[in-house]
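> Right, I'll just put the structure down here and ask away after.
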Amino acid sequence: MKVCDFIIIGGGPGGIAAAIKAAQAGVNVTLLDENERLGGQVFRQLEKGFKVADPDALGPDFKEGKELLHQFYSMQDKIRYLNNTLVWGISEDHTLALARNESSSSLGFKHLLVATGAYDRPVPFPGWTLPGVFTAGGAQKLVKSEGVLPGQNILLAGTGPLQLVLADQILKAGGRIEAILEAGNIGKNWLRGLKGIWGNWDFLKEGMRYLRSIQKAGVPLLRSHVILEARGDGHVEEALIAKVDKNWRPRLNTARSVKADSICLGYGLVSSTELAMLAECEHKYDLRQGGYIPRRKANMETSMPGIYAVGDGAGVAGRKVAIEEGCIAGISVASALGSIPRANAREQIKPCRKRLDKINRFRKILDDISLPRKGLYELATDRTVICRCEEVTLGQLKAALADDTIQIKDLKRMTRLGMGPCEGRMCGPFVVEMLRHRPNAPVEDVGCLKPRPSIKPVALGVLAAEKPVENTEA
Amino acid sequence: MVPQEAEVVVIGGGVVGSSAAYFLARAGKNVVLVEKGCKAGEASAANAAFVWSITRKPGIDIRLAMHSFNIHRQLKAELEMDFEYVQGGGMMIIEDETQLPFVESYLQKRSDDGYPLEMIDAKQALELEPHLAKERVFGAVYSPIDGKTNPIFLVIALNLEAQKLGAQLFHYTEVKEIEVTGGKIKGVVTDKGTIKTNTVVNAAGSWASFIGDMVGIKVPVSPFQLAMLVTEQLPPTVSHVIMGASYMVEEDTGKEGGLGCGLVMSQQTAGNLLIGASWRKTGYDKRTIQEEIELMAKVNVRAMPMLKTVRIIRSYANFFPNTADDLPILGKVEGVEGFIMASGHCGHGIGMGPGSGKLIQELICDDKTTIPLDELNLSRFLGE
């Protein structure tokens with residue numbers, strides 16, 4: 001089996017930045033990405049065959065991404081890049097199981113960077129499984145890579161700046177937005193954050209630009225509002241919305257109906273940690289940063305020697321943080337491999353760390369506003385489906401939890417929660433919060449649905465296929 | 001905290017312990033079950049889901065299996081929660097001609113013992129399971145009474161019913177010590193308190209030897225990993241429980257430290273196929289490895305080519321409590337009054353567990369059992 005010096009999983013901003021830094025230092029880098037095209041969710045490129053007249057329409061992140069991608073492509077002779085490659089397993093002897101080109105193979109590594117990103121936090125409420133309800137990420141994918149709008153009258157509900165980014169993209173693509181519901185109370189927290197904003201002019205500028213574009217289009221931005229219910233006959237036709245208190249509990253006397261044929265939900269992101277968990281990296285729970293995330297040292301290394309994690313997959317913090325963390329990881333690996341002297345690495349890391357600290361100050365304010373409050377987890381009724389794969393309702397979970405010794409592993413066995421193809425990605429984050437809010441719950445660690453290989457569905461034919469002749473090129 | 005006393009303490013919340021606790025509670029015993037992990041946490045949750053007789057050998061093995069069939073049917077009628085038990089028939093596929101002599105001699109022995117099995121030809125086998133690859137079916141051994149269950153639901157159904165009958169179940173509760181005075185069981189010390197009792201049932205499965213150590217008894221049960229794959233949900237595709245004859249013919253692969261693999265298939269009520277299986281010695285390591293996942297995929301795709309496009313959603317593995325003669329250890333233990341063994345089902349726990357649990361209840365309540373347990377006593381390993 002081939003053993004690579006440095007494998008990066010995930011071709012988003014963090015993975016790309018790490019690849020560039022390590023390759024610049026002379027490391028043989030292998031970058032694996034599940035998608036057809038590089039860029040991850042934030043720098044998602046248009047599908048082949050799609051063209052936009054005005055690249056500005058796709059936002060500054062697209063332009064910034066283009067620069068990063070350009071840099072990456074200019075170093076392509078130094079980076080081995082494999083697209084359409086799913087990493088479906090990892091073993092303790094530093095071997096990855098890959099599914100690629102209709103067959104399964106193994107690839108060894110000395111150092112590994114997990115940069116697997118995040119996905120939209122699933123928030124169950126009555127009607128959330130109706131056709132026409134999208135995740136913000138899913139809607140963004142439609143708009144960005146296929147130029148398709150999620151609907152004619154779109155309602156955005158959620159929290160945080162990513163909603164504004166999506167709104168801007170929908171408007172630029174010619175879509176009509178009924179309203180944007182922001183669960184947080186932006187106004188109140190704004191002042192408190194001034195200290196963090198100081199110096200982060202880029203963010204401020206970007207944020208203001210989005211707000212202006214939304215204002216110009218006359219889209220109402222409703223602060224302290226959530227969606228209570230999606231209604232419709234076989235498809236979304238209207239949404240019930242209401243104002244919320246500081247715990248995001250709806251004030252029912254403010255509830256009203258809004259016509260919409262599609263709803264995009266953007267209640268923040270949850271880290272994709274399946275691989276880091278399968279690699280047995282230690283995790284900690286931090287709702288603010290996306291749930292269970294790997295513990296890391298300052299050089300981005302996890303508790304497992306030689307395995308690093310950066311970007312949203314290691315704590316949701318956005319593309320700028322991912323890039324700086326990716327740079328730090330790339331340089332650290334180069335140093336660990338002896339490609340650059342330690343002192344040199346330290347010097348290179350310093351400015352990254354400085355920028356990271358500055359961004360993190362700003363992040364903290366946004367995180368404070370967007371941190372999901374208790375009320376968000378109380379929208380589902382007993383009939384609401386929580387586990388979509390196995391159609392397990394909240395009522396079933398509550399019945400099982402009547403016995404207060406029941407833990408998440410028991411719930412899974414009693415109700416089939418998380419036993420479907422998504423392996424608990426959709427229901428897990430909600431159920432963990434539900435368990436954490438139980439009286440006498442062990443707040444530190446209620447456990448989670450543990451991933452097992454294959455971490456994503458793989459066809460038996462792929463696993464059974466003859467292995468490709470080993471690729472001996474570097 | 002656990003109660004201060006109980007008539008019987010069952011150690012182990014798998015299918016064997018849960019069956020014993022249920023039947024004891026039904027017989028009016030004050031029973032407490034302690035389990036170090038979650039509900040249906042170990043081998044009882046991760047297996048092939050077979051309730052099966054075809055490979056059960058002549059003698060006590062097939063008698064215990066047949067007895068357990070009755071108990072499964074009884075439970076289906078008695079327990080409130082549906083655990084998806086279906087007697088849809090079982091097939092052991094003869095994969096090539098070389099397996100034939102072995103299979104024929106096995107069938108002869110079963111017939112001599114009074115438990116004959118039916119042999120069907122390739123055409124009949126393919127009529128029963130049309131997706132099987134023609135070239136991989138030479139014939140099959142068929143049993144109409146064999147079938148499948150949802151092993152997790154079976155354990156949970158037993159637990160819920162036992163609780164209704166007054167049994168007290170303590171999961172996430174670990175046994176630390178067993179008090180023995182004058183050769184008699186006096187109590188069980190757990191991390192949640194001490195229970196005074198005169199009777200302990202060791203249904204700890206692959207962990208049974210640790211419980212044995214606590215009373216100074218060597219229990220020759222060791223863990224043996226069996227791994228399987230779960231596919232996405234499919235419409236009805238496989239109606240029988242299926243095993244390849246290589247299991248019997250090449251019985252010892254894997255036990256010597258290598259990786260063994262043979263055909264196993266069943267379809268759960270929810271639609272997922274459970275397919276496998278591979279086995280190897282791993283100590284108490286539950287992780288599945290790439291090599292075995294790929295091997296299981298190969299074996300199953302070769303047996304049923306339509307599986308090529310079917311996706312797996314995960315793999316799982318667990319430890320079967322293994323004994324040297326492939327039979328469980330059931331019954332009293334000489335030298336420790338009140339200590340009762342109920343472990344070592346060697347991968348047949350789902351099929352044989354409910355029957356074993358019932359026998360243990362009979363032993364405790366009546367001091368006699370429907371099936372004599374002499375041949376299954378721990379004493380058969382003495383002097384080894």
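By convention in this document, the chains of the structure tokens carry letters A, B, ... by their order, each chain's residues are numbered from 1, and ligands are numbered from 1 in the order they are shown.
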Enumerate as a ChimeraX atom specification all residues of range 6-47 of chain A assigned to helix (DSSP H, G or I) by DSSP on the backbone, naming them with the chain letters and numbers the document uses.
/A:13-24
> Just the selected residues (C-alpha atoms), exported as a compact mmCIF listing (two decimals), in the first residue's frame, please.

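Listing of part.txt after writing:
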```
# COMPACT_ATOMS: atom_id res chain seq x y z
CA PRO A 13 -10.94 26.74 2.21
CA GLY A 14 -9.15 25.06 5.15
CA GLY A 15 -7.98 22.08 3.13
CA ILE A 16 -6.85 24.19 0.19
CA ALA A 17 -4.95 26.64 2.39
CA ALA A 18 -3.17 23.79 4.15
CA ALA A 19 -2.31 22.16 0.82
CA ILE A 20 -0.81 25.37 -0.52
CA LYS A 21 1.27 26.07 2.60
CA ALA A 22 2.58 22.53 2.89
CA ALA A 23 3.35 22.26 -0.82
CA GLN A 24 5.16 25.60 -0.72
```
> Given only C-alpha atoms, how would the per-residue table for chain A near chain B read, listing every residue at most 10 Å away with its closest atom pair and distance in Å to one decimal, sorted by chain and number, as a tab-separated table?

```
residue	atom	partner	partner_atom	distance
A:Trp88	CA	B:Gln290	CA	9.2
A:Gly89	CA	B:Gln290	CA	7.2
A:Ile90	CA	B:Gln290	CA	8.3
A:Ser91	CA	B:Ile289	CA	7.2
A:Glu92	CA	B:Ile289	CA	9.9
A:Thr95	CA	B:Gln290	CA	9.4
A:Leu96	CA	B:Gln290	CA	8.8
A:Ala97	CA	B:Gln290	CA	6.5
A:Leu98	CA	B:Gln290	CA	9.6
A:Ser104	CA	B:Glu294	CA	8.0
A:Ser105	CA	B:Gln290	CA	9.0
A:Ser106	CA	B:Gln290	CA	8.3
A:Leu278	CA	B:Arg287	CA	9.6
A:Cys389	CA	B:Gln233	CA	9.8
A:Glu390	CA	B:Ala270	CA	8.8
A:Thr405	CA	B:His171	CA	7.7
A:Ile406	CA	B:Cys38	CA	8.1
A:Gln407	CA	B:Cys38	CA	7.7
A:Ile408	CA	B:Cys38	CA	9.1
A:Lys409	CA	B:Cys38	CA	6.5
A:Asp410	CA	B:Lys39	CA	5.5
A:Leu411	CA	B:Lys39	CA	9.0
A:Lys412	CA	B:Lys39	CA	9.7
A:Arg413	CA	B:Ile152	CA	6.3
A:Met414	CA	B:Ile156	CA	6.8
A:Thr415	CA	B:Phe153	CA	9.0
A:Arg416	CA	B:Ile152	CA	9.6
A:Met419	CA	B:Ile313	CA	8.7
A:Gly420	CA	B:Ile313	CA	7.3
A:Pro421	CA	B:Ile313	CA	5.2
A:Cys422	CA	B:Ile313	CA	7.9
A:Glu423	CA	B:Ile313	CA	7.6
A:Pro451	CA	B:Arg314	CA	8.2
A:Arg452	CA	B:Arg314	CA	5.8
A:Pro453	CA	B:Arg314	CA	5.3
A:Ser454	CA	B:Arg314	CA	5.0
A:Ile455	CA	B:Arg314	CA	6.7
A:Lys456	CA	B:Ile313	CA	6.4
A:Pro457	CA	B:Ile313	CA	4.6
A:Val458	CA	B:Arg311	CA	4.9
A:Ala459	CA	B:Arg311	CA	3.8
A:Leu460	CA	B:Lys308	CA	5.0
A:Gly461	CA	B:Lys308	CA	3.8
A:Val462	CA	B:Lys308	CA	7.4
A:Leu463	CA	B:Glu294	CA	5.1
A:Ala464	CA	B:Lys298	CA	4.4
A:Ala465	CA	B:Lys298	CA	7.6
A:Glu466	CA	B:Lys298	CA	9.3
```
> For range 354-360 of chain B, please output as number ranges by chain all residues within 10 Å (counting only C-alpha atoms; exclusion window: fewer than 5 positions along the same chain).
B: 15-24, 64-72, 74-75, 154-155, 158, 201, 203, 328-332, 340-343, 345, 349, 365-373
> Save out the residues we just selected, N, CA and C atoms, as a short mmCIF file (atom, residue, chain, number, x, y, z; two decimals), in the first residue's frame.

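The new file selection_2.cif reads:
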```cif
data_model
loop_
_atom_site.label_atom_id
_atom_site.label_comp_id
_atom_site.auth_asym_id
_atom_site.auth_seq_id
_atom_site.Cartn_x
_atom_site.Cartn_y
_atom_site.Cartn_z
N VAL B 15 -29.70 -11.19 25.56
CA VAL B 15 -30.92 -11.98 25.34
C VAL B 15 -31.05 -13.10 26.38
N VAL B 16 -29.93 -13.66 26.82
CA VAL B 16 -29.99 -14.77 27.78
C VAL B 16 -30.44 -14.25 29.15
N GLY B 17 -29.75 -13.22 29.63
CA GLY B 17 -30.09 -12.64 30.93
C GLY B 17 -31.49 -12.05 30.93
N SER B 18 -31.84 -11.37 29.83
CA SER B 18 -33.16 -10.75 29.76
C SER B 18 -34.27 -11.80 29.75
N SER B 19 -34.02 -12.93 29.06
CA SER B 19 -35.02 -14.02 29.05
C SER B 19 -35.15 -14.61 30.45
N ALA B 20 -34.01 -14.85 31.08
CA ALA B 20 -34.04 -15.42 32.43
C ALA B 20 -34.80 -14.50 33.37
N ALA B 21 -34.49 -13.19 33.30
CA ALA B 21 -35.15 -12.23 34.19
C ALA B 21 -36.65 -12.21 33.94
N TYR B 22 -37.03 -12.25 32.67
CA TYR B 22 -38.46 -12.23 32.34
C TYR B 22 -39.17 -13.45 32.92
N PHE B 23 -38.61 -14.64 32.65
CA PHE B 23 -39.29 -15.86 33.11
C PHE B 23 -39.28 -15.96 34.64
N LEU B 24 -38.21 -15.50 35.27
CA LEU B 24 -38.16 -15.52 36.73
C LEU B 24 -39.22 -14.58 37.31
N LEU B 64 -31.81 -28.28 22.33
CA LEU B 64 -31.91 -26.95 22.92
C LEU B 64 -32.49 -25.96 21.89
N ALA B 65 -32.05 -26.10 20.63
CA ALA B 65 -32.55 -25.20 19.58
C ALA B 65 -34.05 -25.39 19.39
N MET B 66 -34.49 -26.65 19.34
CA MET B 66 -35.92 -26.92 19.13
C MET B 66 -36.76 -26.42 20.31
N HIS B 67 -36.24 -26.62 21.50
CA HIS B 67 -36.92 -26.12 22.70
C HIS B 67 -37.06 -24.60 22.60
N SER B 68 -35.98 -23.96 22.14
CA SER B 68 -35.98 -22.51 22.07
C SER B 68 -36.96 -21.98 21.02
N PHE B 69 -37.15 -22.77 19.93
CA PHE B 69 -38.16 -22.38 18.94
C PHE B 69 -39.52 -22.21 19.61
N ASN B 70 -39.85 -23.18 20.48
CA ASN B 70 -41.14 -23.11 21.18
C ASN B 70 -41.22 -21.85 22.03
N ILE B 71 -40.10 -21.55 22.68
CA ILE B 71 -40.10 -20.38 23.57
C ILE B 71 -40.25 -19.09 22.75
N HIS B 72 -39.59 -19.02 21.59
CA HIS B 72 -39.75 -17.84 20.72
C HIS B 72 -41.23 -17.65 20.36
N GLN B 74 -43.78 -18.78 21.99
CA GLN B 74 -44.51 -18.41 23.21
C GLN B 74 -44.35 -16.91 23.50
N LEU B 75 -43.10 -16.43 23.35
CA LEU B 75 -42.84 -15.01 23.61
C LEU B 75 -43.60 -14.12 22.63
N LEU B 154 -36.26 -7.83 20.47
CA LEU B 154 -36.54 -9.00 21.33
C LEU B 154 -36.07 -8.72 22.76
N VAL B 155 -34.85 -8.22 22.88
CA VAL B 155 -34.31 -7.93 24.21
C VAL B 155 -35.14 -6.83 24.88
N LEU B 158 -38.49 -8.11 26.02
CA LEU B 158 -38.33 -8.91 27.24
C LEU B 158 -38.13 -8.00 28.45
N VAL B 201 -27.20 -15.44 38.52
CA VAL B 201 -27.14 -16.05 37.19
C VAL B 201 -26.06 -15.31 36.40
N ALA B 203 -24.97 -14.44 33.23
CA ALA B 203 -25.37 -14.37 31.82
C ALA B 203 -24.58 -13.24 31.16
N PRO B 328 -23.24 -23.94 24.82
CA PRO B 328 -23.27 -23.03 25.97
C PRO B 328 -23.00 -23.76 27.28
N ILE B 329 -22.73 -22.97 28.29
CA ILE B 329 -22.56 -23.51 29.64
C ILE B 329 -23.80 -23.10 30.44
N LEU B 330 -24.62 -24.08 30.79
CA LEU B 330 -25.86 -23.79 31.49
C LEU B 330 -25.95 -24.67 32.73
N GLY B 331 -26.34 -24.06 33.84
CA GLY B 331 -26.62 -24.87 35.03
C GLY B 331 -25.81 -24.48 36.25
N LYS B 332 -26.01 -25.29 37.31
CA LYS B 332 -25.35 -25.02 38.59
C LYS B 332 -23.86 -25.26 38.49
N ILE B 340 -25.16 -19.79 39.12
CA ILE B 340 -25.71 -20.51 37.96
C ILE B 340 -25.16 -19.91 36.66
N MET B 341 -24.63 -20.80 35.84
CA MET B 341 -24.04 -20.36 34.57
C MET B 341 -25.11 -20.29 33.48
N ALA B 342 -25.03 -19.24 32.66
CA ALA B 342 -25.92 -19.13 31.50
C ALA B 342 -25.20 -18.29 30.45
N SER B 343 -24.07 -18.80 29.96
CA SER B 343 -23.26 -18.05 29.00
C SER B 343 -22.63 -19.00 28.01
N HIS B 345 -22.93 -18.96 24.38
CA HIS B 345 -23.82 -19.46 23.33
C HIS B 345 -23.19 -19.45 21.94
N GLY B 349 -26.89 -17.28 20.38
CA GLY B 349 -27.62 -16.73 21.53
C GLY B 349 -29.01 -16.25 21.19
N CYS B 365 -36.50 -22.31 40.05
CA CYS B 365 -37.80 -22.43 40.72
C CYS B 365 -38.15 -23.87 41.09
N ASP B 366 -37.82 -24.81 40.20
CA ASP B 366 -38.30 -26.18 40.39
C ASP B 366 -37.18 -27.19 40.62
N ASP B 367 -35.95 -26.75 40.41
CA ASP B 367 -34.80 -27.64 40.52
C ASP B 367 -34.84 -28.80 39.52
N LYS B 368 -35.66 -28.67 38.50
CA LYS B 368 -35.60 -29.64 37.39
C LYS B 368 -35.97 -28.91 36.10
N THR B 369 -35.48 -29.43 34.98
CA THR B 369 -35.65 -28.69 33.73
C THR B 369 -36.26 -29.55 32.63
N THR B 370 -36.98 -28.90 31.71
CA THR B 370 -37.62 -29.59 30.58
C THR B 370 -36.60 -30.40 29.79
N ILE B 371 -35.41 -29.80 29.60
CA ILE B 371 -34.30 -30.52 28.95
C ILE B 371 -33.21 -30.69 30.00
N PRO B 372 -32.72 -31.93 30.18
CA PRO B 372 -31.65 -32.12 31.18
C PRO B 372 -30.42 -31.30 30.79
N LEU B 373 -29.84 -30.63 31.78
CA LEU B 373 -28.73 -29.74 31.48
C LEU B 373 -27.35 -30.37 31.75
#
```
> Which residues, written as a PyMOL selection string, have at least one atom at most 12 Å from range 244-247 of chain A, with only C-alpha atoms counted and residues fewer than 3 positions away on the same chain left out?
chain A and resi 181-186+188-189+222-228+241+250-255+368-379
> Which polymer residues have any atom within 7 Å of an atom of range 317-322 of chain A, counting only C-alpha atoms, with same-chain residues fewer than 2 positions away left out, as JSON, numbers by chain?
{"A": [13, 14, 310, 311, 312, 315, 324, 325, 326, 356, 363]}
> Would you mind reading off the distance between CA of Pro321 in chain B and CA of Gly205 in chain B, one decimal, in Å?
5.3 Å
> Work out how far apart CA of Lys110 in chain A and CA of Lys78 in chain A are and give it in Å to one decimal.
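Separation of CA of Lys110 in chain A and CA of Lys78 in chain A: 17.3 Å.
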> Between CA of Arg436 in chain A and CA of Glu229 in chain A, what is the spacing in Å?
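Taking CA of Glu229 in chain A and CA of Arg436 in chain A, their separation equals 24.2 Å.
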> Find the spatial neighbours of range 146-160 of chain A, counting only C-alpha atoms, within a cut-off of 8 Å - ignore same-chain residues fewer than 2 positions away - and output them as a PyMOL selection string.
chain A and resi 46-47+50+132+134+139+141-144+162-164+167+170+173+175-184+226-227+259-268+366-367+369-370
> Looking only at the backbone, which of the residues in range 18-201 of chain B does DSSP tag as strand (DSSP E or B), as a PyMOL selection string?
chain B and resi 31-34+50-51+86+90-94+118-121+139-143+147-148+168-170+175-181+184-190+193-196+199-201
> Go ahead and dump the residues you just picked, C-alpha atoms, as a short mmCIF file (atom, residue, chain, number, x, y, z; two decimals), in the first residue's frame.

```cif
data_model
loop_
_atom_site.label_atom_id
_atom_site.label_comp_id
_atom_site.auth_asym_id
_atom_site.auth_seq_id
_atom_site.Cartn_x
_atom_site.Cartn_y
_atom_site.Cartn_z
CA VAL B 31 -35.38 -10.61 40.43
CA VAL B 32 -32.84 -7.87 39.78
CA LEU B 33 -30.91 -7.65 36.51
CA VAL B 34 -27.64 -5.73 36.36
CA PHE B 50 -31.24 -15.78 12.88
CA VAL B 51 -33.53 -18.09 14.81
CA VAL B 86 -40.95 -14.58 11.40
CA GLY B 90 -34.00 -21.10 6.31
CA MET B 91 -31.57 -22.33 3.69
CA MET B 92 -28.01 -23.52 3.90
CA ILE B 93 -26.67 -23.08 0.38
CA ILE B 94 -24.38 -25.77 -0.94
CA GLU B 118 -34.69 -31.63 3.77
CA MET B 119 -32.29 -31.35 0.84
CA ILE B 120 -33.49 -29.37 -2.18
CA ASP B 121 -31.87 -29.09 -5.60
CA GLY B 139 -28.34 -27.24 -3.93
CA ALA B 140 -29.50 -26.37 -0.43
CA VAL B 141 -30.55 -27.73 2.91
CA TYR B 142 -33.97 -26.33 3.68
CA SER B 143 -35.81 -25.89 6.96
CA GLY B 147 -36.48 -17.75 10.55
CA LYS B 148 -35.44 -14.37 11.84
CA GLN B 168 -35.91 -4.40 38.51
CA LEU B 169 -33.43 -3.67 35.72
CA PHE B 170 -30.24 -1.70 36.31
CA VAL B 175 -20.67 -5.81 39.13
CA LYS B 176 -17.52 -5.29 41.18
CA GLU B 177 -17.52 -8.27 43.49
CA ILE B 178 -19.58 -11.31 44.44
CA GLU B 179 -19.77 -12.18 48.12
CA VAL B 180 -19.36 -15.88 48.90
CA THR B 181 -19.37 -17.31 52.41
CA LYS B 184 -22.57 -20.06 49.25
CA ILE B 185 -23.49 -16.91 47.32
CA LYS B 186 -24.34 -14.10 49.75
CA GLY B 187 -24.49 -10.95 47.67
CA VAL B 188 -23.51 -8.95 44.63
CA VAL B 189 -21.51 -5.73 45.00
CA THR B 190 -22.09 -3.22 42.21
CA GLY B 193 -24.66 -0.57 45.90
CA THR B 194 -24.75 -4.12 47.25
CA ILE B 195 -27.60 -6.58 46.74
CA LYS B 196 -28.02 -9.41 49.24
CA THR B 199 -28.71 -16.85 43.73
CA VAL B 200 -26.69 -15.32 40.90
CA VAL B 201 -27.14 -16.05 37.19
#
```
> Do you know which residues are at most 7 Å from Leu38 in chain A counting only C-alpha atoms, after dropping those on the same chain fewer than 2 positions away, and could you put them as a PyMOL selection string?
chain A and resi 11-12+35-36+40
> Go ahead and save the picked residues with N, CA and C atoms, as an mmCIF file, in the first residue's frame.

```
data_model
loop_
_atom_site.group_PDB
_atom_site.id
_atom_site.type_symbol
_atom_site.label_atom_id
_atom_site.label_comp_id
_atom_site.auth_asym_id
_atom_site.auth_seq_id
_atom_site.Cartn_x
_atom_site.Cartn_y
_atom_site.Cartn_z
ATOM 1 N N GLY A 11 -11.691 19.579 0.304
ATOM 2 C CA GLY A 11 -11.137 20.640 -0.550
ATOM 3 C C GLY A 11 -11.864 21.955 -0.389
ATOM 4 N N GLY A 12 -12.242 22.288 0.832
ATOM 5 C CA GLY A 12 -12.793 23.614 1.124
ATOM 6 C C GLY A 12 -11.650 24.557 1.442
ATOM 7 N N ASN A 35 -16.261 15.810 -3.759
ATOM 8 C CA ASN A 35 -17.010 16.447 -4.845
ATOM 9 C C ASN A 35 -16.294 16.369 -6.178
ATOM 10 N N GLU A 36 -17.063 16.684 -7.213
ATOM 11 C CA GLU A 36 -16.513 16.763 -8.574
ATOM 12 C C GLU A 36 -15.513 17.922 -8.653
ATOM 13 N N GLY A 40 -15.316 23.236 -1.769
ATOM 14 C CA GLY A 40 -16.157 23.039 -0.593
ATOM 15 C C GLY A 40 -17.463 23.781 -0.748
#
```
